[in-house]
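Asks: So here's start-v8.tsv (TSV, C-alpha atoms and all ligand atoms).
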chain	number	residue	atom	x	y	z
A	1	MET	CA	-110.65	112.92	96.89
A	2	SER	CA	-112.40	116.26	96.75
A	3	THR	CA	-113.63	117.37	100.14
A	4	ASP	CA	-117.08	118.13	98.80
A	5	GLN	CA	-117.47	114.37	98.72
A	6	ILE	CA	-117.46	113.76	102.46
A	7	ARG	CA	-119.93	111.02	103.27
A	8	LYS	CA	-118.57	109.08	106.21
A	9	VAL	CA	-116.63	110.55	109.13
A	10	CYS	CA	-114.95	109.10	112.17
A	11	ILE	CA	-115.00	111.11	115.40
A	12	VAL	CA	-112.21	110.08	117.76
A	13	GLY	CA	-113.14	111.09	121.30
A	14	ALA	CA	-116.85	111.19	120.46
A	15	SER	CA	-118.13	110.92	124.04
A	16	GLY	CA	-116.54	114.12	125.39
A	17	LYS	CA	-118.22	117.52	125.32
A	18	LEU	CA	-116.53	118.62	122.10
A	19	GLY	CA	-117.00	115.16	120.60
A	20	ARG	CA	-120.74	115.05	121.20
A	21	TYR	CA	-121.21	118.47	119.62
A	22	MET	CA	-119.22	117.26	116.60
A	23	VAL	CA	-121.40	114.15	116.35
A	24	GLN	CA	-124.48	116.36	116.23
A	25	HIS	CA	-123.04	118.72	113.59
A	26	ALA	CA	-121.93	115.75	111.48
A	27	LEU	CA	-125.36	114.10	111.69
A	28	ASP	CA	-126.99	117.44	110.83
A	29	ARG	CA	-124.95	117.42	107.60
A	30	GLY	CA	-126.16	113.92	106.78
A	31	TYR	CA	-122.79	112.26	107.27
A	32	GLU	CA	-122.52	108.64	108.32
A	33	VAL	CA	-120.74	108.76	111.69
A	34	VAL	CA	-118.39	106.33	113.43
A	35	GLY	CA	-117.53	107.36	117.00
A	36	VAL	CA	-114.58	106.13	119.06
A	37	CYS	CA	-114.63	106.42	122.83
A	38	ARG	CA	-113.48	104.59	125.91
A	39	GLU	CA	-115.63	101.57	126.77
A	40	ARG	CA	-116.78	103.15	130.04
A	41	SER	CA	-117.98	106.25	128.18
A	42	VAL	CA	-120.23	104.48	125.65
A	43	PRO	CA	-123.37	105.33	127.75
A	44	LYS	CA	-122.58	109.04	127.20
A	45	LEU	CA	-123.53	108.47	123.56
A	46	ALA	CA	-126.90	106.89	124.39
A	47	GLY	CA	-128.78	109.84	122.87
A	48	CYS	CA	-127.45	109.10	119.38
A	49	ALA	CA	-126.47	105.43	119.64
A	50	ASP	CA	-129.11	104.38	117.13
A	51	ARG	CA	-127.75	106.83	114.52
A	52	ILE	CA	-124.00	106.21	114.74
A	53	THR	CA	-121.61	103.26	114.86
A	54	ILE	CA	-119.64	103.16	118.10
A	55	VAL	CA	-116.19	101.59	118.28
A	56	PRO	CA	-115.32	101.30	121.97
A	57	GLY	CA	-111.72	101.43	123.13
A	58	PRO	CA	-108.81	103.67	124.06
A	59	THR	CA	-108.18	106.19	121.30
A	60	ASN	CA	-104.44	105.42	121.29
A	61	ASP	CA	-105.13	101.73	120.57
A	62	ARG	CA	-103.92	101.37	116.99
A	63	GLU	CA	-106.24	98.44	116.24
A	64	VAL	CA	-109.26	100.40	117.49
A	65	ILE	CA	-108.35	103.35	115.26
A	66	ARG	CA	-107.56	101.13	112.26
A	67	GLN	CA	-111.01	99.58	112.49
A	68	ALA	CA	-112.82	102.89	113.12
A	69	VAL	CA	-111.31	104.99	110.31
A	70	ALA	CA	-111.75	102.36	107.59
A	71	GLY	CA	-113.67	103.86	104.68
A	72	CYS	CA	-113.99	107.31	106.33
A	73	ASP	CA	-113.55	110.38	104.11
A	74	GLY	CA	-112.83	112.52	107.17
A	75	VAL	CA	-111.51	112.00	110.70
A	76	LEU	CA	-112.16	114.49	113.50
A	77	THR	CA	-109.85	113.85	116.44
A	78	VAL	CA	-110.10	115.34	119.93
A	79	LEU	CA	-106.48	115.45	121.07
A	80	VAL	CA	-106.38	115.17	124.84
A	81	PRO	CA	-103.28	114.87	126.98
A	82	TRP	CA	-104.67	112.42	129.54
A	83	GLY	CA	-102.43	109.94	131.35
A	84	VAL	CA	-98.70	109.48	130.99
A	85	HIS	CA	-98.70	106.90	128.22
A	86	GLN	CA	-98.44	109.07	125.10
A	87	TYR	CA	-102.22	109.19	124.73
A	88	SER	CA	-102.25	112.21	122.39
A	89	SER	CA	-99.29	111.25	120.22
A	90	GLY	CA	-100.43	107.62	120.09
A	91	THR	CA	-103.88	108.70	118.97
A	92	ALA	CA	-102.55	111.16	116.38
A	93	GLN	CA	-100.04	108.66	115.00
A	94	ALA	CA	-102.66	105.95	114.61
A	95	VAL	CA	-104.97	108.34	112.75
A	96	LEU	CA	-102.10	109.51	110.50
A	97	ASP	CA	-101.12	105.90	109.80
A	98	TYR	CA	-104.52	104.33	109.20
A	99	ALA	CA	-106.86	106.96	107.74
A	100	VAL	CA	-107.58	106.36	104.05
A	101	PRO	CA	-104.98	108.09	101.86
A	102	ASP	CA	-106.90	111.24	100.86
A	103	ALA	CA	-109.02	111.61	103.98
A	104	ARG	CA	-109.41	115.06	105.56
A	105	LEU	CA	-107.93	114.91	109.05
A	106	VAL	CA	-108.94	117.58	111.59
A	107	PHE	CA	-107.44	117.66	115.08
A	108	SER	CA	-108.34	119.78	118.13
A	109	CYS	CA	-106.00	121.39	120.62
A	110	GLY	CA	-105.54	124.68	122.43
A	111	TRP	CA	-103.76	127.96	121.75
A	112	HIS	CA	-100.67	126.71	123.62
A	113	ILE	CA	-99.70	124.68	120.52
A	114	THR	CA	-97.61	126.74	118.13
A	115	ARG	CA	-96.86	125.71	114.58
A	116	ASP	CA	-94.18	128.17	113.59
A	117	GLY	CA	-93.17	129.80	116.88
A	118	LYS	CA	-94.62	133.15	115.80
A	119	ASP	CA	-97.51	133.18	118.26
A	120	GLN	CA	-97.32	136.03	120.76
A	121	TYR	CA	-98.52	134.87	124.16
A	122	SER	CA	-99.20	137.10	127.12
A	123	TRP	CA	-96.99	136.52	130.16
A	124	ARG	CA	-100.11	135.38	132.01
A	125	PHE	CA	-100.84	132.72	129.35
A	126	ARG	CA	-97.23	131.52	129.27
A	127	ALA	CA	-97.11	131.29	133.06
A	128	ALA	CA	-100.37	129.33	133.18
A	129	VAL	CA	-99.14	126.81	130.58
A	130	ARG	CA	-95.78	126.44	132.35
A	131	ILE	CA	-97.43	125.82	135.71
A	132	MET	CA	-99.99	123.42	134.23
A	133	THR	CA	-97.30	121.46	132.39
A	134	ARG	CA	-95.11	121.08	135.49
A	135	LEU	CA	-98.01	120.31	137.79
A	136	ALA	CA	-99.40	117.77	135.34
A	137	ARG	CA	-96.02	116.06	135.06
A	138	PHE	CA	-95.80	115.93	138.84
A	139	VAL	CA	-99.23	114.41	139.46
A	140	ARG	CA	-98.88	112.12	136.41
A	141	VAL	CA	-102.48	112.56	135.27
A	142	VAL	CA	-101.99	114.77	132.26
A	143	GLU	CA	-99.10	114.97	129.77
A	144	ILE	CA	-99.24	118.34	128.03
A	145	ASP	CA	-95.82	117.76	126.42
A	146	ASP	CA	-97.34	114.79	124.62
A	147	GLN	CA	-100.04	116.95	123.02
A	148	VAL	CA	-97.19	119.12	121.74
A	149	GLU	CA	-95.48	116.01	120.36
A	150	ALA	CA	-98.73	114.88	118.73
A	151	CYS	CA	-99.02	118.20	116.90
A	152	ARG	CA	-95.35	118.14	115.90
A	153	ARG	CA	-96.00	114.84	114.14
A	154	ILE	CA	-99.14	116.17	112.46
A	155	PHE	CA	-97.35	119.32	111.24
A	156	ALA	CA	-94.58	117.14	109.78
A	157	SER	CA	-97.06	114.93	107.95
A	158	ASP	CA	-98.04	115.28	104.31
A	159	ARG	CA	-101.59	114.10	105.06
A	160	ARG	CA	-104.47	116.55	104.43
A	161	TRP	CA	-104.56	117.87	108.00
A	162	THR	CA	-105.89	120.88	109.87
A	163	VAL	CA	-105.11	121.52	113.55
A	164	VAL	CA	-107.81	123.73	115.10
A	165	ARG	CA	-106.51	125.64	118.12
A	166	GLY	CA	-109.30	126.48	120.55
A	167	SER	CA	-109.37	129.56	122.78
A	168	ASP	CA	-110.84	129.41	126.28
A	169	LEU	CA	-114.20	127.72	125.99
A	170	GLU	CA	-117.68	128.32	127.38
A	171	GLU	CA	-121.01	126.57	127.05
A	172	GLY	CA	-124.06	128.18	125.46
A	173	GLU	CA	-126.08	128.46	122.27
A	174	SER	CA	-124.21	128.68	118.99
A	175	GLN	CA	-123.06	132.14	117.95
A	176	GLY	CA	-122.03	131.01	114.47
A	177	LEU	CA	-118.82	129.88	112.88
A	178	PRO	CA	-115.78	131.28	114.75
A	179	VAL	CA	-113.28	133.52	112.98
A	180	TRP	CA	-109.64	132.53	112.91
A	181	SER	CA	-106.14	133.79	112.63
A	182	ARG	CA	-102.73	132.20	112.10
A	183	HIS	CA	-101.13	133.59	115.19
A	184	VAL	CA	-102.17	133.98	118.79
A	185	GLY	CA	-101.52	137.63	119.58
A	186	ASP	CA	-103.29	138.88	116.45
A	187	PRO	CA	-105.82	141.51	117.61
A	188	VAL	CA	-108.85	139.65	116.26
A	189	LEU	CA	-108.25	136.90	118.82
A	190	ALA	CA	-107.85	139.15	121.86
A	191	SER	CA	-111.17	138.18	123.48
A	192	ASN	CA	-109.96	134.58	123.85
A	193	LEU	CA	-113.40	133.01	124.14
A	194	THR	CA	-115.41	130.60	121.99
A	195	ARG	CA	-118.54	128.57	122.63
A	196	ARG	CA	-117.68	124.88	122.67
A	197	VAL	CA	-120.53	124.13	120.25
A	198	ASP	CA	-118.91	126.54	117.77
A	199	PHE	CA	-115.45	125.01	118.24
A	200	ALA	CA	-117.13	121.77	117.14
A	201	LEU	CA	-118.80	123.58	114.24
A	202	PHE	CA	-115.42	124.87	113.04
A	203	MET	CA	-113.95	121.36	113.27
A	204	VAL	CA	-116.74	119.86	111.16
A	205	GLU	CA	-116.75	122.78	108.71
A	206	SER	CA	-113.01	122.29	108.20
A	207	LEU	CA	-113.70	118.91	106.60
A	208	THR	CA	-114.98	120.63	103.48
A	209	ASP	CA	-112.82	123.76	103.51
A	210	ASP	CA	-109.70	123.02	101.48
A	211	THR	CA	-108.23	126.44	102.30
A	212	LEU	CA	-107.65	125.09	105.82
A	213	ILE	CA	-105.47	122.19	104.68
A	214	HIS	CA	-102.05	122.48	106.36
A	215	GLU	CA	-103.24	125.36	108.53
A	216	ALA	CA	-103.39	125.60	112.32
A	217	PRO	CA	-106.15	128.18	112.77
A	218	ALA	CA	-106.50	129.77	116.20
A	219	ILE	CA	-110.18	130.51	116.65
A	220	VAL	CA	-112.38	132.95	118.56
A	221	SER	CA	-116.12	133.56	118.66
A	222	CYS	CA	-117.38	135.60	115.71
A	223	LEU	CA	-119.42	137.66	118.18
A	224	SER	CA	-116.60	138.32	120.62
A	225	PRO	CA	-115.63	141.98	121.11
A	226	SER	CA	-112.25	141.51	119.44
A	227	ALA	CA	-113.78	139.83	116.37
A	228	LEU	CA	-116.46	142.50	116.07
A	229	ALA	CA	-113.92	145.30	116.48
A	230	HIS	CA	-111.71	143.76	113.85
A	231	ALA	CA	-114.64	143.34	111.47
A	232	ALA	CA	-115.58	146.98	111.97
A	233	ASP	CA	-112.03	147.90	110.99
A	234	GLY	CA	-112.65	146.02	107.76
A	235	ARG	CA	-109.55	143.91	108.28
A	236	SER	CA	-111.20	140.71	109.47
A	237	SER	CA	-112.60	137.64	107.83
A	238	ASP	CA	-116.40	137.76	107.82
A	239	PRO	CA	-117.61	137.73	111.43
A	240	ALA	CA	-120.94	136.34	110.29
A	241	GLY	CA	-119.01	133.18	109.80
A	242	ASN	CA	-116.79	132.25	106.96
A	243	THR	CA	-113.35	130.82	106.94
A	244	SER	CA	-112.38	132.10	103.55
A	245	GLY	CA	-109.35	133.89	104.87
A	246	PRO	CA	-107.43	134.34	108.07
A	247	SER	CA	-106.45	137.48	109.84
A	248	GLY	CA	-102.74	137.96	110.32
A	249	ASP	CA	-99.62	136.96	108.46
A	250	LYS	CA	-98.62	133.91	106.52
A	251	PRO	CA	-96.70	131.36	108.57
B	1	LIG	N1	-111.20	122.98	128.05
B	1	LIG	C1	-110.72	124.06	127.49
B	1	LIG	O1	-110.81	125.17	128.04
B	1	LIG	C2	-110.04	123.99	126.14
B	1	LIG	C3	-109.53	125.17	125.60
B	1	LIG	C4	-108.96	125.13	124.33
B	1	LIG	C5	-108.86	123.94	123.65
B	1	LIG	N2	-109.33	122.79	124.21
B	1	LIG	C6	-109.21	121.56	123.44
B	1	LIG	O2	-110.53	121.08	123.23
B	1	LIG	C7	-110.52	119.68	123.12
B	1	LIG	C8	-111.60	119.13	124.01
B	1	LIG	O3	-111.32	119.43	125.33
B	1	LIG	P1	-112.42	119.75	126.42
B	1	LIG	O4	-111.69	120.29	127.60
B	1	LIG	O5	-113.50	120.55	125.81
B	1	LIG	O6	-112.94	118.35	126.90
B	1	LIG	P2	-113.96	117.31	126.30
B	1	LIG	O7	-114.54	117.79	125.04
B	1	LIG	O8	-114.90	116.92	127.36
B	1	LIG	O9	-113.02	116.10	125.95
B	1	LIG	C9	-112.34	115.40	126.92
B	1	LIG	C10	-111.92	114.09	126.28
B	1	LIG	O10	-110.95	113.47	127.10
B	1	LIG	C11	-111.33	112.13	127.34
B	1	LIG	N3	-110.84	111.71	128.64
B	1	LIG	C12	-111.19	112.18	129.85
B	1	LIG	N4	-110.48	111.55	130.81
B	1	LIG	C13	-109.68	110.66	130.18
B	1	LIG	C14	-108.71	109.72	130.60
B	1	LIG	N5	-108.40	109.56	131.88
B	1	LIG	N6	-108.08	108.98	129.66
B	1	LIG	C15	-108.38	109.13	128.36
B	1	LIG	N7	-109.28	110.02	127.89
B	1	LIG	C16	-109.92	110.77	128.79
B	1	LIG	C17	-112.81	112.15	127.28
B	1	LIG	O11	-113.27	110.88	126.99
B	1	LIG	P3	-114.42	110.20	127.88
B	1	LIG	O12	-115.73	110.70	127.31
B	1	LIG	O13	-114.16	108.77	127.65
B	1	LIG	O14	-114.23	110.61	129.32
B	1	LIG	C18	-113.06	113.12	126.14
B	1	LIG	O15	-112.96	112.50	124.87
B	1	LIG	C19	-109.09	119.23	123.43
B	1	LIG	O16	-108.40	119.01	122.23
B	1	LIG	C20	-108.50	120.44	124.14
B	1	LIG	O17	-107.09	120.50	123.96
B	1	LIG	C21	-109.92	122.79	125.43
Taking this structure as input, can you express it in the form of structure tokens?

Replies:
Amino acid sequence: MSTDQIRKVCIVGASGKLGRYMVQHALDRGYEVVGVCRERSVPKLAGCADRITIVPGPTNDREVIRQAVAGCDGVLTVLVPWGVHQYSSGTAQAVLDYAVPDARLVFSCGWHITRDGKDQYSWRFRAAVRIMTRLARFVRVVEIDDQVEACRRIFASDRRWTVVRGSDLEEGESQGLPVWSRHVGDPVLASNLTRRVDFALFMVESLTDDTLIHEAPAIVSCLSPSALAHAADGRSSDPAGNTSGPSGDKP
């Protein structure tokens, strides 16, 4: 399937903040939308319930995902590390197993996920992830290791995937499509800030951008100081918003 033929998309984790922005972007493009969210969160989708199909249930329930992704040309998945029951990896595996063969699969995560080990993290970032991971394991509410495992499985898959790695996030009006780079530590990403609405925009845009297949772009706002400085240097992808090429090296 060519990705200019996206008609129907499934959004897994549709009721969260990122999910609801993705629903809106997908509807704006005229896509038919199927949203998956926990039963208790269905009311969070009340504003668009008459325009989308909602499949309630845990996102790591394989039967829920099998039903939701049927006939979808694209699947946008919010990977979250909640609980201690392999929520992320269970969700990712179900999407990998049940999405239609040529579907575009786009997953969200944070900068802490590395595809090739070439990301350069600050000591502050590494310390924060280490503390969060240990603390989370201790309180048994969040399982960051499982989000790592989910991405390991995606990277090993031959499906048409993209893993979008979000920087720190803030709310606010859209600033346009974020710019991206292959490796955290590349100067263009230094500002480490993206509007959540634009993270969602990048996820939805990825559905039709074949250059992002088998990439794990780390994103940052196109109007952030580091993106603007890089653009001024003439070494960046277009800060007005295209994803035609990354900054940084090949993996
Ligand atoms: N927050 C950040 O600073 C940040 C930074 C970089 C990347 N990211 C990435 O961005 C994505 C979205 O994260 P977000 O922080 O912006 O949050 P979000 O969009 O609000 O998404 C949170 C998701 O987690 C679900 N959830 C909450 N509690 C749960 C539980 N106990 N069990 C199962 N699911 C639960 C929510 O579903 P309900 O609606 O059912 O509650 C919702 O789908 C993630 O992939 C994350 O890794 C986040």

Asks: Can you work out which residues are within 6 Å of ligand LIG 1 (chain B), considering only C-alpha atoms and all ligand atoms, and then hand them over as a PyMOL selection string?

Replies: chain A and resi 13+15-19+37-38+41+78-80+82-83+108-110+166-169

Asks: Env of segment 182-195 of chain A: 10 Å cut, atoms = only C-alpha atoms, seq-sep filter 2 positions within chain, self excluded. Answer as a compact mmCIF listing (two decimals) with C-alpha atoms, in the frame of the given file.

Replies:
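After the write, selection_1.txt holds the following:
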# COMPACT_ATOMS: atom_id res chain seq x y z
CA TRP A 111 -103.76 127.96 121.75
CA HIS A 112 -100.67 126.71 123.62
CA ILE A 113 -99.70 124.68 120.52
CA THR A 114 -97.61 126.74 118.13
CA ARG A 115 -96.86 125.71 114.58
CA ASP A 116 -94.18 128.17 113.59
CA GLY A 117 -93.17 129.80 116.88
CA LYS A 118 -94.62 133.15 115.80
CA ASP A 119 -97.51 133.18 118.26
CA GLN A 120 -97.32 136.03 120.76
CA TYR A 121 -98.52 134.87 124.16
CA SER A 122 -99.20 137.10 127.12
CA ARG A 165 -106.51 125.64 118.12
CA GLY A 166 -109.30 126.48 120.55
CA SER A 167 -109.37 129.56 122.78
CA ASP A 168 -110.84 129.41 126.28
CA LEU A 169 -114.20 127.72 125.99
CA GLU A 170 -117.68 128.32 127.38
CA GLU A 171 -121.01 126.57 127.05
CA GLY A 172 -124.06 128.18 125.46
CA GLU A 173 -126.08 128.46 122.27
CA SER A 174 -124.21 128.68 118.99
CA GLN A 175 -123.06 132.14 117.95
CA GLY A 176 -122.03 131.01 114.47
CA LEU A 177 -118.82 129.88 112.88
CA PRO A 178 -115.78 131.28 114.75
CA VAL A 179 -113.28 133.52 112.98
CA TRP A 180 -109.64 132.53 112.91
CA VAL A 197 -120.53 124.13 120.25
CA ASP A 198 -118.91 126.54 117.77
CA PHE A 199 -115.45 125.01 118.24
CA ALA A 200 -117.13 121.77 117.14
CA LEU A 201 -118.80 123.58 114.24
CA GLU A 215 -103.24 125.36 108.53
CA ALA A 216 -103.39 125.60 112.32
CA PRO A 217 -106.15 128.18 112.77
CA ALA A 218 -106.50 129.77 116.20
CA ILE A 219 -110.18 130.51 116.65
CA VAL A 220 -112.38 132.95 118.56
CA SER A 221 -116.12 133.56 118.66
CA CYS A 222 -117.38 135.60 115.71
CA LEU A 223 -119.42 137.66 118.18
CA SER A 224 -116.60 138.32 120.62
CA PRO A 225 -115.63 141.98 121.11
CA SER A 226 -112.25 141.51 119.44
CA ALA A 227 -113.78 139.83 116.37
CA LEU A 228 -116.46 142.50 116.07
CA ALA A 229 -113.92 145.30 116.48
CA HIS A 230 -111.71 143.76 113.85
CA ALA A 231 -114.64 143.34 111.47
CA ARG A 235 -109.55 143.91 108.28
CA SER A 236 -111.20 140.71 109.47
CA SER A 237 -112.60 137.64 107.83
CA GLY A 245 -109.35 133.89 104.87
CA PRO A 246 -107.43 134.34 108.07
CA SER A 247 -106.45 137.48 109.84
CA GLY A 248 -102.74 137.96 110.32
CA ASP A 249 -99.62 136.96 108.46
CA LYS A 250 -98.62 133.91 106.52
CA PRO A 251 -96.70 131.36 108.57

Asks: Report the distance between atom CA of Glu39 of chain A and atom CA of Arg159 of chain A in Å, rounded to one decimal place.

Replies: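 Those two atoms sit 28.7 Å apart.
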
Asks: Once you count all atoms listed in the file, what closest atom pair and distance in Å to one decimal does each residue of segment 65-177 of chain A within 12 Å of segment 26-30 of chain A have, with rows by chain and rising residue number, as CSV?

Replies:
residue,atom,partner,partner_atom,distance
A:Gly74,CA,A:Ala26,CA,10.6
A:Val75,CA,A:Ala26,CA,11.1
A:Leu76,CA,A:Ala26,CA,10.1

Asks: Keeping only C-alpha atoms, write the selected residues as an mmCIF file, keeping the file's coordinate frame.

Replies:
data_model
loop_
_atom_site.group_PDB
_atom_site.id
_atom_site.type_symbol
_atom_site.label_atom_id
_atom_site.label_comp_id
_atom_site.auth_asym_id
_atom_site.auth_seq_id
_atom_site.Cartn_x
_atom_site.Cartn_y
_atom_site.Cartn_z
ATOM 1 C CA GLY A 74 -112.830 112.520 107.170
ATOM 2 C CA VAL A 75 -111.510 112.000 110.700
ATOM 3 C CA LEU A 76 -112.160 114.490 113.500
#

Asks: Figure out the distance between atom CA of Phe202 of chain A and atom CA of Val164 of chain A, please, to one decimal in Å.

Replies: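 Separating atom CA of Val164 of chain A from atom CA of Phe202 of chain A is a distance of 8.0 Å.
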
Asks: Give me, as a short mmCIF file (atom, residue, chain, number, x, y, z; two decimals) with C-alpha atoms, in the frame of the given file, all polymer residues having an atom no more than 9 Å from Arg66 of chain A, counting only C-alpha atoms and skipping those fewer than 2 positions away in the same chain.

Replies:
data_model
loop_
_atom_site.label_atom_id
_atom_site.label_comp_id
_atom_site.auth_asym_id
_atom_site.auth_seq_id
_atom_site.Cartn_x
_atom_site.Cartn_y
_atom_site.Cartn_z
CA ASP A 61 -105.13 101.73 120.57
CA ARG A 62 -103.92 101.37 116.99
CA GLU A 63 -106.24 98.44 116.24
CA VAL A 64 -109.26 100.40 117.49
CA ALA A 68 -112.82 102.89 113.12
CA VAL A 69 -111.31 104.99 110.31
CA ALA A 70 -111.75 102.36 107.59
CA ALA A 94 -102.66 105.95 114.61
CA VAL A 95 -104.97 108.34 112.75
CA ASP A 97 -101.12 105.90 109.80
CA TYR A 98 -104.52 104.33 109.20
CA ALA A 99 -106.86 106.96 107.74
#

Asks: Give me, as a CSV table (one decimal) with C-alpha atoms, keeping the file's coordinate frame, all polymer residues having an atom no more than 9 Å from segment 101-105 of chain A, counting all atoms listed in the file and skipping those fewer than 2 positions away in the same chain.

Replies:
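Everything below was put into selection_38.csv:
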chain,number,residue,atom,x,y,z
A,1,MET,CA,-110.6,112.9,96.9
A,2,SER,CA,-112.4,116.3,96.8
A,3,THR,CA,-113.6,117.4,100.1
A,6,ILE,CA,-117.5,113.8,102.5
A,72,CYS,CA,-114.0,107.3,106.3
A,73,ASP,CA,-113.6,110.4,104.1
A,74,GLY,CA,-112.8,112.5,107.2
A,75,VAL,CA,-111.5,112.0,110.7
A,76,LEU,CA,-112.2,114.5,113.5
A,77,THR,CA,-109.8,113.8,116.4
A,95,VAL,CA,-105.0,108.3,112.8
A,96,LEU,CA,-102.1,109.5,110.5
A,98,TYR,CA,-104.5,104.3,109.2
A,99,ALA,CA,-106.9,107.0,107.7
A,107,PHE,CA,-107.4,117.7,115.1
A,159,ARG,CA,-101.6,114.1,105.1
A,160,ARG,CA,-104.5,116.6,104.4
A,161,TRP,CA,-104.6,117.9,108.0
A,162,THR,CA,-105.9,120.9,109.9
A,163,VAL,CA,-105.1,121.5,113.6
A,206,SER,CA,-113.0,122.3,108.2
A,207,LEU,CA,-113.7,118.9,106.6
A,208,THR,CA,-115.0,120.6,103.5
A,210,ASP,CA,-109.7,123.0,101.5
A,213,ILE,CA,-105.5,122.2,104.7

Asks: Can you report as AutoDock Vina command-line options the centre and edge lengths in Å, to one decimal, of an axis-aligned box around the listed atoms of segment 153-162 of chain A padded with 8 Å on each side?

Replies:
--center_x -100.2 --center_y 117.5 --center_z 109.2 --size_x 27.3 --size_y 22.8 --size_z 25.8

Asks: When you draw a straight line from atom CA of Ser89 of chain A to atom CA of Thr211 of chain A, how long is it in Å?

Replies: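 Atom CA of Ser89 of chain A sits 25.1 Å away from atom CA of Thr211 of chain A.
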
Asks: From the options A:Arg152, A:Pro81, A:Val100, A:Leu45, which residue's atoms come nearest to Lys8 of chain A, counting all atoms listed in the file?

Replies: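 Of all the options, A:Val100 lies closest to Lys8 of chain A.
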
Asks: Please identify all polymer residues within 7 Å of Val34 of chain A, counting only C-alpha atoms, omitting same-chain residues fewer than 6 positions from it, and present them as a list in words.

Replies: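 Counting only C-alpha atoms, the residues come to Val9, Cys10, Ile11, Ile52, Thr53, Ile54 and Ala68 of chain A.
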
Asks: Looking at all atoms listed in the file, which of A:Gln5, A:Ser88, A:Gln24, A:Asn60 is the one that sits closest to Gln147 of chain A?

Replies: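 Among A:Gln5, A:Ser88, A:Gln24, A:Asn60, it is A:Ser88 that comes nearest to Gln147 of chain A.
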
Asks: For each of A:Thr91, A:Cys48, A:Thr59, A:Ile131, take the minimum atom-to-atom distance to Val23 of chain A, counting all atoms listed in the file, then give the residue where this is smallest.

Replies: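 Result for the nearest residue to Val23 of chain A: A:Cys48.
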
Asks: My list of candidates is A:Phe125, A:Asp145, A:Pro43, A:Val12. Which is closest to Val55 of chain A when distances are computed with only C-alpha atoms?

Replies: A:Val12

Asks: Pick from A:His214, A:Val36, A:Tyr87, A:Tyr21: nearest to Val141 of chain A, with all atoms listed in the file counted?

Replies: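 When distances to Val141 of chain A are compared using all atoms listed in the file, the smallest one comes from A:Tyr87.
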
Asks: Please output segment 89-100 of chain A, rebuilt to include N, CA and C atoms, as a short mmCIF file (atom, residue, chain, number, x, y, z; two decimals), in the coordinates of the input.

Replies:
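Output saved as out.cif:
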data_model
loop_
_atom_site.label_atom_id
_atom_site.label_comp_id
_atom_site.auth_asym_id
_atom_site.auth_seq_id
_atom_site.Cartn_x
_atom_site.Cartn_y
_atom_site.Cartn_z
N SER A 89 -100.14 111.57 121.38
CA SER A 89 -99.29 111.25 120.22
C SER A 89 -99.64 109.87 119.67
N GLY A 90 -100.02 108.94 120.56
CA GLY A 90 -100.43 107.62 120.09
C GLY A 90 -101.71 107.70 119.25
N THR A 91 -102.63 108.53 119.71
CA THR A 91 -103.88 108.70 118.97
C THR A 91 -103.61 109.35 117.61
N ALA A 92 -102.83 110.44 117.63
CA ALA A 92 -102.55 111.16 116.38
C ALA A 92 -101.82 110.26 115.39
N GLN A 93 -100.83 109.52 115.90
CA GLN A 93 -100.04 108.66 115.00
C GLN A 93 -100.90 107.58 114.36
N ALA A 94 -101.79 107.00 115.15
CA ALA A 94 -102.66 105.95 114.61
C ALA A 94 -103.58 106.52 113.53
N VAL A 95 -104.10 107.72 113.77
CA VAL A 95 -104.97 108.34 112.75
C VAL A 95 -104.15 108.64 111.49
N LEU A 96 -102.95 109.20 111.66
CA LEU A 96 -102.10 109.51 110.50
C LEU A 96 -101.76 108.24 109.72
N ASP A 97 -101.55 107.14 110.44
CA ASP A 97 -101.12 105.90 109.80
C ASP A 97 -102.27 105.16 109.11
N TYR A 98 -103.46 105.22 109.69
CA TYR A 98 -104.52 104.33 109.20
C TYR A 98 -105.65 105.00 108.44
N ALA A 99 -105.78 106.32 108.50
CA ALA A 99 -106.86 106.96 107.74
C ALA A 99 -106.64 106.69 106.26
N VAL A 100 -107.73 106.64 105.49
CA VAL A 100 -107.58 106.36 104.05
C VAL A 100 -106.75 107.48 103.42
#
